[in-house]
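Trainee: Have a look at the structure that comes next, please.
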Amino acid sequence: MSTLINARPFRLALVQLGNLTAVKEHNLQHARKMVLEAASGKGSADSKKPNMIVLPECFNSPYDVQQFSQYAETIGYVPGEAYNVEKSESVSVKMLSGVAKETGLWLIGGSIPERDPKEGKIYNTSMVYNPQGDLVAIHRKVHLFDIEIPGKIRFKESETLSGGSSLTEVDTDFGRVGLGICYDVRFPEMAMHAARKGCIAMIYPGAFNLTTGPLHWELLQRARAVDNHIYVAMCSPARDMTAGYHAWGHSSVVDPSGAVIGTTDEKESIVYADLDPEFVRATRAGIPVTAQRRFDVYRDVSED
Ligand SMILES: O=C(O)CCC(=O)C(=O)O
């Protein structure tokens, strides 16, 4: 319970991607360029290269429920089965795999609208690539972003998307990491599950907005981090006030004590942060909540 699995220190880079247009090929090429820039360590305090790079939610399409279908790609990943990138019909798969291989780094490829032709459904899906360019995991956003705050924002992903039905924890060369997408961060159970399965971090490609961003973006990351004594990272697109959806930006990384160890403003930028398993252990030893939970008292709250 809560023991880190094969964790080693590593550097994470969050690419807060700007310059997104309606042209997918342009977005893919720009994302590729920015991944190469992040891979070089450009802009980090010591120019040290990262080990893992993260892109934002919906990095190759407008964040718009009415447009997901038009941009959706068939990935065809089956968990537990080898995936052949060469045979993939997805242009995003080809770009992400290629740049992971070229940089020799782990890549969490933000998310894209994914079509599952067999199910006739569209998901908001993140992909994980290893340094050889293999697609090793996908995460389909579990909790759809359906909110309505009168006079501020209405967004209903469920009008065109379906929610995924599994949790995603991926074994990398630097330890196990949990994946969620944006609104998934509001659900503490997912992060707790990942922590109890030995993850050193929860990583969320995301795109909060100008209403909920200032209220909850940082708060939720710090809460998930302190709940579980894990690292939490969220990677947003940069803000574009000419786009239909105004992203909050502020991509950040929070450490297990709840401190923000990397962040930025709303513009295109790269955030670097160092993750250290020893710090997770020390935090847990100091305030041992992860070992003090009383599941004998509260058991399964879904039955209440
Ligand atoms: O939870 C929020 O306030 C924003 C969520 C969101 O933008 C998303 O899930 O894409």
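Letters for chains follow the order of the structure tokens (A, B, ...), residue numbers begin at 1 for each chain, and ligand numbers begin at 1 in the order shown.
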If you count only C-alpha atoms and all ligand atoms, which residues end up within 7 Å of ligand 1, as a PyMOL selection string?
Mentor: chain A and resi 144-145+181-184+186+206-209+212-213+216
Trainee: Report as a Markdown table the residues of region 201-232 of chain A within 12 Å of region 126-135 of chain A, each with its shortest atom pair and distance in Å (one decimal), using only C-alpha atoms, ordered by chain and increasing residue number.
Mentor:
| residue | atom | partner | partner_atom | distance |
| --- | --- | --- | --- | --- |
| A:Ile203 | CA | A:Ser126 | CA | 10.7 |
| A:Tyr204 | CA | A:Ser126 | CA | 9.3 |
| A:Pro205 | CA | A:Ser126 | CA | 7.9 |
| A:Gly206 | CA | A:Ser126 | CA | 10.5 |
Trainee: Please produce an output containing N, CA and C atoms for each residue in the selection, written as an mmCIF file, in the first residue's frame.
Mentor:
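selection-v3.cif written:
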data_model
loop_
_atom_site.group_PDB
_atom_site.id
_atom_site.type_symbol
_atom_site.label_atom_id
_atom_site.label_comp_id
_atom_site.auth_asym_id
_atom_site.auth_seq_id
_atom_site.Cartn_x
_atom_site.Cartn_y
_atom_site.Cartn_z
ATOM 1 N N ILE A 203 -0.252 12.815 -13.464
ATOM 2 C CA ILE A 203 -0.011 13.801 -14.521
ATOM 3 C C ILE A 203 -1.312 14.004 -15.300
ATOM 4 N N TYR A 204 -1.704 15.273 -15.411
ATOM 5 C CA TYR A 204 -2.965 15.611 -16.063
ATOM 6 C C TYR A 204 -2.740 16.623 -17.185
ATOM 7 N N PRO A 205 -2.786 16.222 -18.450
ATOM 8 C CA PRO A 205 -2.970 17.242 -19.492
ATOM 9 C C PRO A 205 -4.314 17.916 -19.188
ATOM 10 N N GLY A 206 -4.383 19.235 -19.287
ATOM 11 C CA GLY A 206 -5.628 19.902 -18.884
ATOM 12 C C GLY A 206 -5.832 21.190 -19.649
#
Trainee: Write out as an MDAnalysis selection string the set of residues from region 117-209 of chain A that DSSP, computed on the backbone, places in strand (DSSP E or B).
Mentor: chainID A and resid 121:129 135:140 146:149 153:156 168:172 175:179 199:205 209
Trainee: Write the residues of the selection above to a file with N, CA and C atoms, as a compact mmCIF listing (two decimals), in the first residue's frame.
Mentor:
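The resulting file, part28.txt, is reproduced below:
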# COMPACT_ATOMS: atom_id res chain seq x y z
N LYS A 121 -18.02 5.62 -30.84
CA LYS A 121 -17.89 6.65 -29.80
C LYS A 121 -16.64 7.49 -30.02
N ILE A 122 -16.64 8.67 -29.43
CA ILE A 122 -15.45 9.53 -29.45
C ILE A 122 -15.02 9.77 -28.00
N TYR A 123 -13.73 9.63 -27.75
CA TYR A 123 -13.18 9.84 -26.42
C TYR A 123 -12.17 10.98 -26.46
N ASN A 124 -11.87 11.51 -25.28
CA ASN A 124 -10.79 12.49 -25.11
C ASN A 124 -9.62 11.67 -24.56
N THR A 125 -8.61 11.44 -25.40
CA THR A 125 -7.63 10.38 -25.09
C THR A 125 -6.20 10.88 -25.07
N SER A 126 -5.49 10.47 -24.04
CA SER A 126 -4.06 10.77 -23.91
C SER A 126 -3.26 9.51 -24.26
N MET A 127 -2.08 9.72 -24.83
CA MET A 127 -1.22 8.57 -25.20
C MET A 127 0.15 8.70 -24.56
N VAL A 128 0.72 7.58 -24.18
CA VAL A 128 2.06 7.58 -23.58
C VAL A 128 3.02 6.81 -24.49
N TYR A 129 4.15 7.44 -24.82
CA TYR A 129 5.17 6.83 -25.68
C TYR A 129 6.46 6.65 -24.89
N LEU A 135 3.96 3.13 -28.52
CA LEU A 135 2.78 3.56 -27.76
C LEU A 135 2.54 2.51 -26.68
N VAL A 136 2.69 2.91 -25.41
CA VAL A 136 2.63 1.90 -24.33
C VAL A 136 1.37 2.00 -23.48
N ALA A 137 0.62 3.09 -23.59
CA ALA A 137 -0.63 3.20 -22.81
C ALA A 137 -1.48 4.32 -23.39
N ILE A 138 -2.79 4.19 -23.18
CA ILE A 138 -3.67 5.33 -23.46
C ILE A 138 -4.54 5.55 -22.23
N HIS A 139 -4.99 6.80 -22.05
CA HIS A 139 -5.98 7.09 -21.01
C HIS A 139 -7.14 7.83 -21.65
N ARG A 140 -8.33 7.28 -21.50
CA ARG A 140 -9.53 7.96 -21.99
C ARG A 140 -10.15 8.72 -20.81
N ASP A 146 -18.67 18.50 -17.85
CA ASP A 146 -20.04 18.97 -18.08
C ASP A 146 -20.36 19.95 -16.97
N ILE A 147 -20.26 21.24 -17.25
CA ILE A 147 -20.60 22.20 -16.19
C ILE A 147 -21.42 23.34 -16.78
N GLU A 148 -22.15 24.02 -15.90
CA GLU A 148 -22.91 25.19 -16.32
C GLU A 148 -22.94 26.17 -15.15
N ILE A 149 -22.18 27.25 -15.28
CA ILE A 149 -22.18 28.29 -14.24
C ILE A 149 -22.81 29.52 -14.90
N ILE A 153 -19.82 30.20 -17.74
CA ILE A 153 -19.36 29.17 -18.67
C ILE A 153 -20.34 27.99 -18.69
N ARG A 154 -20.57 27.52 -19.92
CA ARG A 154 -21.32 26.27 -20.11
C ARG A 154 -20.46 25.40 -21.00
N PHE A 155 -20.21 24.19 -20.61
CA PHE A 155 -19.43 23.28 -21.44
C PHE A 155 -19.96 21.87 -21.19
N LYS A 156 -20.29 21.15 -22.23
CA LYS A 156 -20.87 19.81 -22.06
C LYS A 156 -20.15 18.84 -22.98
N THR A 168 -5.60 4.61 -15.40
CA THR A 168 -4.37 4.36 -16.16
C THR A 168 -3.16 4.65 -15.28
N GLU A 169 -2.39 3.61 -15.04
CA GLU A 169 -1.12 3.77 -14.32
C GLU A 169 -0.04 3.11 -15.18
N VAL A 170 1.01 3.86 -15.48
CA VAL A 170 1.99 3.41 -16.47
C VAL A 170 3.36 3.22 -15.82
N ASP A 171 3.99 2.10 -16.10
CA ASP A 171 5.36 1.88 -15.60
C ASP A 171 6.35 2.47 -16.59
N THR A 172 7.14 3.45 -16.11
CA THR A 172 8.15 4.08 -16.96
C THR A 172 9.53 3.73 -16.39
N GLY A 175 9.69 5.12 -12.78
CA GLY A 175 8.68 4.76 -11.80
C GLY A 175 7.30 4.77 -12.43
N ARG A 176 6.34 4.42 -11.60
CA ARG A 176 4.96 4.34 -12.08
C ARG A 176 4.30 5.72 -11.98
N VAL A 177 3.61 6.12 -13.04
CA VAL A 177 2.88 7.40 -12.99
C VAL A 177 1.41 7.16 -13.35
N GLY A 178 0.55 7.92 -12.70
CA GLY A 178 -0.88 7.85 -12.98
C GLY A 178 -1.25 8.94 -13.97
N LEU A 179 -2.23 8.65 -14.81
CA LEU A 179 -2.66 9.64 -15.81
C LEU A 179 -4.14 9.98 -15.62
N CYS A 199 2.30 4.89 -7.55
CA CYS A 199 2.72 5.96 -8.48
C CYS A 199 3.45 7.07 -7.72
N ILE A 200 4.47 7.61 -8.35
CA ILE A 200 5.18 8.75 -7.77
C ILE A 200 4.47 10.06 -8.13
N ALA A 201 3.70 10.04 -9.21
CA ALA A 201 3.07 11.29 -9.68
C ALA A 201 1.75 11.00 -10.37
N MET A 202 0.86 11.99 -10.31
CA MET A 202 -0.32 12.02 -11.19
C MET A 202 -0.06 13.12 -12.20
N ILE A 203 -0.25 12.82 -13.46
CA ILE A 203 -0.01 13.80 -14.52
C ILE A 203 -1.31 14.00 -15.30
N TYR A 204 -1.70 15.27 -15.41
CA TYR A 204 -2.97 15.61 -16.06
C TYR A 204 -2.74 16.62 -17.18
N PRO A 205 -2.79 16.22 -18.45
CA PRO A 205 -2.97 17.24 -19.49
C PRO A 205 -4.31 17.92 -19.19
N ASN A 209 -10.25 27.09 -17.50
CA ASN A 209 -10.75 28.29 -18.19
C ASN A 209 -10.63 29.49 -17.26
Trainee: How close does region 3-88 of chain A get to region 272-279 of chain A? List, as a tab-separated table, each residue of region 3-88 of chain A within 12 Å, its nearest atom pair and the distance in Å to one decimal, counting only C-alpha atoms.
Mentor:
residue	atom	partner	partner_atom	distance
A:Thr3	CA	A:Pro277	CA	10.4
A:Leu4	CA	A:Pro277	CA	7.6
A:Ile5	CA	A:Pro277	CA	9.8
A:Asn6	CA	A:Pro277	CA	9.4
A:Ala7	CA	A:Pro277	CA	6.0
A:Arg8	CA	A:Pro277	CA	6.2
A:Pro9	CA	A:Asp276	CA	4.5
A:Phe10	CA	A:Leu275	CA	5.4
A:Arg11	CA	A:Asp274	CA	4.4
A:Leu12	CA	A:Ala273	CA	5.4
A:Ala13	CA	A:Tyr272	CA	4.5
A:Leu14	CA	A:Tyr272	CA	6.5
A:Val15	CA	A:Tyr272	CA	9.0
A:Gln16	CA	A:Tyr272	CA	11.0
A:Ala38	CA	A:Tyr272	CA	8.6
A:Ala39	CA	A:Tyr272	CA	10.6
A:Ser40	CA	A:Tyr272	CA	11.5
A:Gly41	CA	A:Tyr272	CA	8.2
A:Lys42	CA	A:Tyr272	CA	9.8
A:Gly43	CA	A:Tyr272	CA	8.7
A:Ser44	CA	A:Tyr272	CA	6.3
A:Ala45	CA	A:Tyr272	CA	8.7
A:Asp46	CA	A:Tyr272	CA	10.3
A:Ser47	CA	A:Tyr272	CA	10.0
A:Lys48	CA	A:Tyr272	CA	9.5
A:Lys49	CA	A:Tyr272	CA	9.2
A:Pro50	CA	A:Tyr272	CA	7.5
A:Asn51	CA	A:Asp274	CA	9.7
A:Met52	CA	A:Tyr272	CA	9.9
A:Ile53	CA	A:Tyr272	CA	9.2
A:Val54	CA	A:Tyr272	CA	10.4
Trainee: Using N, CA and C atoms, can you write the selected residues to a file as a PDB file, in the first residue's frame?
Mentor:
ATOM      1  N   THR A   3       3.529   2.051  -1.526  1.00  0.00           N
ATOM      2  CA  THR A   3       4.983   1.974  -1.703  1.00  0.00           C
ATOM      3  C   THR A   3       5.307   2.327  -3.150  1.00  0.00           C
ATOM      4  N   LEU A   4       6.267   3.219  -3.337  1.00  0.00           N
ATOM      5  CA  LEU A   4       6.599   3.634  -4.704  1.00  0.00           C
ATOM      6  C   LEU A   4       7.160   2.452  -5.490  1.00  0.00           C
ATOM      7  N   ILE A   5       6.742   2.331  -6.741  1.00  0.00           N
ATOM      8  CA  ILE A   5       7.214   1.221  -7.582  1.00  0.00           C
ATOM      9  C   ILE A   5       8.357   1.720  -8.473  1.00  0.00           C
ATOM     10  N   ASN A   6       9.549   1.152  -8.259  1.00  0.00           N
ATOM     11  CA  ASN A   6      10.724   1.400  -9.131  1.00  0.00           C
ATOM     12  C   ASN A   6      10.989   2.877  -9.435  1.00  0.00           C
ATOM     13  N   ALA A   7      10.784   3.740  -8.447  1.00  0.00           N
ATOM     14  CA  ALA A   7      10.937   5.168  -8.732  1.00  0.00           C
ATOM     15  C   ALA A   7      12.396   5.618  -8.669  1.00  0.00           C
ATOM     16  N   ARG A   8      12.767   6.489  -9.602  1.00  0.00           N
ATOM     17  CA  ARG A   8      14.100   7.110  -9.646  1.00  0.00           C
ATOM     18  C   ARG A   8      13.902   8.612  -9.869  1.00  0.00           C
ATOM     19  N   PRO A   9      14.857   9.435  -9.452  1.00  0.00           N
ATOM     20  CA  PRO A   9      14.703  10.865  -9.701  1.00  0.00           C
ATOM     21  C   PRO A   9      14.603  11.157 -11.199  1.00  0.00           C
ATOM     22  N   PHE A  10      13.742  12.095 -11.563  1.00  0.00           N
ATOM     23  CA  PHE A  10      13.680  12.485 -12.970  1.00  0.00           C
ATOM     24  C   PHE A  10      13.185  13.908 -13.126  1.00  0.00           C
ATOM     25  N   ARG A  11      13.470  14.437 -14.312  1.00  0.00           N
ATOM     26  CA  ARG A  11      13.024  15.803 -14.623  1.00  0.00           C
ATOM     27  C   ARG A  11      11.858  15.749 -15.603  1.00  0.00           C
ATOM     28  N   LEU A  12      10.828  16.508 -15.265  1.00  0.00           N
ATOM     29  CA  LEU A  12       9.614  16.576 -16.077  1.00  0.00           C
ATOM     30  C   LEU A  12       9.594  17.924 -16.801  1.00  0.00           C
ATOM     31  N   ALA A  13       9.130  17.935 -18.036  1.00  0.00           N
ATOM     32  CA  ALA A  13       8.942  19.202 -18.764  1.00  0.00           C
ATOM     33  C   ALA A  13       7.494  19.272 -19.236  1.00  0.00           C
ATOM     34  N   LEU A  14       6.815  20.363 -18.903  1.00  0.00           N
ATOM     35  CA  LEU A  14       5.445  20.583 -19.366  1.00  0.00           C
ATOM     36  C   LEU A  14       5.488  21.614 -20.486  1.00  0.00           C
ATOM     37  N   VAL A  15       4.974  21.241 -21.642  1.00  0.00           N
ATOM     38  CA  VAL A  15       4.977  22.174 -22.779  1.00  0.00           C
ATOM     39  C   VAL A  15       3.628  22.888 -22.824  1.00  0.00           C
ATOM     40  N   GLN A  16       3.622  24.150 -22.411  1.00  0.00           N
ATOM     41  CA  GLN A  16       2.392  24.957 -22.469  1.00  0.00           C
ATOM     42  C   GLN A  16       2.305  25.542 -23.883  1.00  0.00           C
ATOM     43  N   ALA A  38      11.771  21.528 -25.689  1.00  0.00           N
ATOM     44  CA  ALA A  38      11.756  21.062 -24.288  1.00  0.00           C
ATOM     45  C   ALA A  38      12.830  20.001 -24.067  1.00  0.00           C
ATOM     46  N   ALA A  39      13.006  19.135 -25.064  1.00  0.00           N
ATOM     47  CA  ALA A  39      13.984  18.044 -24.933  1.00  0.00           C
ATOM     48  C   ALA A  39      15.404  18.574 -24.777  1.00  0.00           C
ATOM     49  N   SER A  40      15.641  19.773 -25.303  1.00  0.00           N
ATOM     50  CA  SER A  40      16.986  20.346 -25.213  1.00  0.00           C
ATOM     51  C   SER A  40      17.221  21.014 -23.862  1.00  0.00           C
ATOM     52  N   GLY A  41      16.161  21.144 -23.061  1.00  0.00           N
ATOM     53  CA  GLY A  41      16.284  21.798 -21.755  1.00  0.00           C
ATOM     54  C   GLY A  41      16.276  23.313 -21.868  1.00  0.00           C
ATOM     55  N   LYS A  42      15.948  23.825 -23.068  1.00  0.00           N
ATOM     56  CA  LYS A  42      15.989  25.275 -23.301  1.00  0.00           C
ATOM     57  C   LYS A  42      15.089  26.032 -22.304  1.00  0.00           C
ATOM     58  N   GLY A  43      15.660  27.019 -21.681  1.00  0.00           N
ATOM     59  CA  GLY A  43      14.887  27.832 -20.744  1.00  0.00           C
ATOM     60  C   GLY A  43      14.914  27.318 -19.317  1.00  0.00           C
ATOM     61  N   SER A  44      15.437  26.099 -19.084  1.00  0.00           N
ATOM     62  CA  SER A  44      15.518  25.635 -17.696  1.00  0.00           C
ATOM     63  C   SER A  44      16.721  26.310 -17.034  1.00  0.00           C
ATOM     64  N   ALA A  45      16.664  26.420 -15.721  1.00  0.00           N
ATOM     65  CA  ALA A  45      17.676  27.204 -14.999  1.00  0.00           C
ATOM     66  C   ALA A  45      19.093  26.683 -15.275  1.00  0.00           C
ATOM     67  N   ASP A  46      19.243  25.357 -15.386  1.00  0.00           N
ATOM     68  CA  ASP A  46      20.585  24.785 -15.555  1.00  0.00           C
ATOM     69  C   ASP A  46      20.783  24.121 -16.917  1.00  0.00           C
ATOM     70  N   SER A  47      19.825  24.331 -17.830  1.00  0.00           N
ATOM     71  CA  SER A  47      19.843  23.741 -19.183  1.00  0.00           C
ATOM     72  C   SER A  47      19.923  22.214 -19.176  1.00  0.00           C
ATOM     73  N   LYS A  48      19.626  21.602 -18.019  1.00  0.00           N
ATOM     74  CA  LYS A  48      19.637  20.129 -17.958  1.00  0.00           C
ATOM     75  C   LYS A  48      18.410  19.591 -18.706  1.00  0.00           C
ATOM     76  N   LYS A  49      18.636  18.501 -19.433  1.00  0.00           N
ATOM     77  CA  LYS A  49      17.532  17.961 -20.240  1.00  0.00           C
ATOM     78  C   LYS A  49      16.529  17.200 -19.359  1.00  0.00           C
ATOM     79  N   PRO A  50      15.266  17.218 -19.769  1.00  0.00           N
ATOM     80  CA  PRO A  50      14.276  16.441 -19.012  1.00  0.00           C
ATOM     81  C   PRO A  50      14.308  14.966 -19.410  1.00  0.00           C
ATOM     82  N   ASN A  51      13.582  14.153 -18.652  1.00  0.00           N
ATOM     83  CA  ASN A  51      13.440  12.730 -18.973  1.00  0.00           C
ATOM     84  C   ASN A  51      12.055  12.408 -19.524  1.00  0.00           C
ATOM     85  N   MET A  52      11.110  13.304 -19.244  1.00  0.00           N
ATOM     86  CA  MET A  52       9.723  13.046 -19.652  1.00  0.00           C
ATOM     87  C   MET A  52       9.083  14.375 -20.029  1.00  0.00           C
ATOM     88  N   ILE A  53       8.339  14.362 -21.131  1.00  0.00           N
ATOM     89  CA  ILE A  53       7.721  15.606 -21.620  1.00  0.00           C
ATOM     90  C   ILE A  53       6.202  15.410 -21.695  1.00  0.00           C
ATOM     91  N   VAL A  54       5.481  16.462 -21.354  1.00  0.00           N
ATOM     92  CA  VAL A  54       4.010  16.389 -21.357  1.00  0.00           C
ATOM     93  C   VAL A  54       3.452  17.493 -22.255  1.00  0.00           C
TER      94      VAL A  54
END
Trainee: CA of Glu81 (chain A) and CA of Ala195 (chain A), how far apart in Å?
Mentor: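 These atoms are spaced 25.4 Å apart.
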Trainee: CA of Pro62 (chain A) and CA of Asp116 (chain A) are how many Å apart?
Mentor: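 Computing it gives 19.6 Å between the two atoms.
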Trainee: Give me, as a list in words, all polymer residues having an atom no more than 9 Å from Pro237 (chain A), counting only C-alpha atoms and skipping those fewer than 5 positions away in the same chain.
Mentor: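 Listed by chain and then number, they are Val15, Gln16, Leu17, Gly18, Leu20, Leu55, Pro56, Glu57, Cys58, Phe59, Pro205, Gly206, Ala207, Ala247, Trp248, Gly249, His250, Ser251, Glu266, Lys267 and Glu268 of chain A.
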Trainee: For Thr21 (chain A), which of A:Thr211, A:Ser61, A:Thr263, A:Thr290 is the closest residue, counting only C-alpha atoms?
Mentor: A:Ser61
Trainee: Quick one, how far is CA of Lys24 (chain A) from CA of Tyr63 (chain A)?
Mentor: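 CA of Tyr63 (chain A) lies at a distance of 12.4 Å from CA of Lys24 (chain A).
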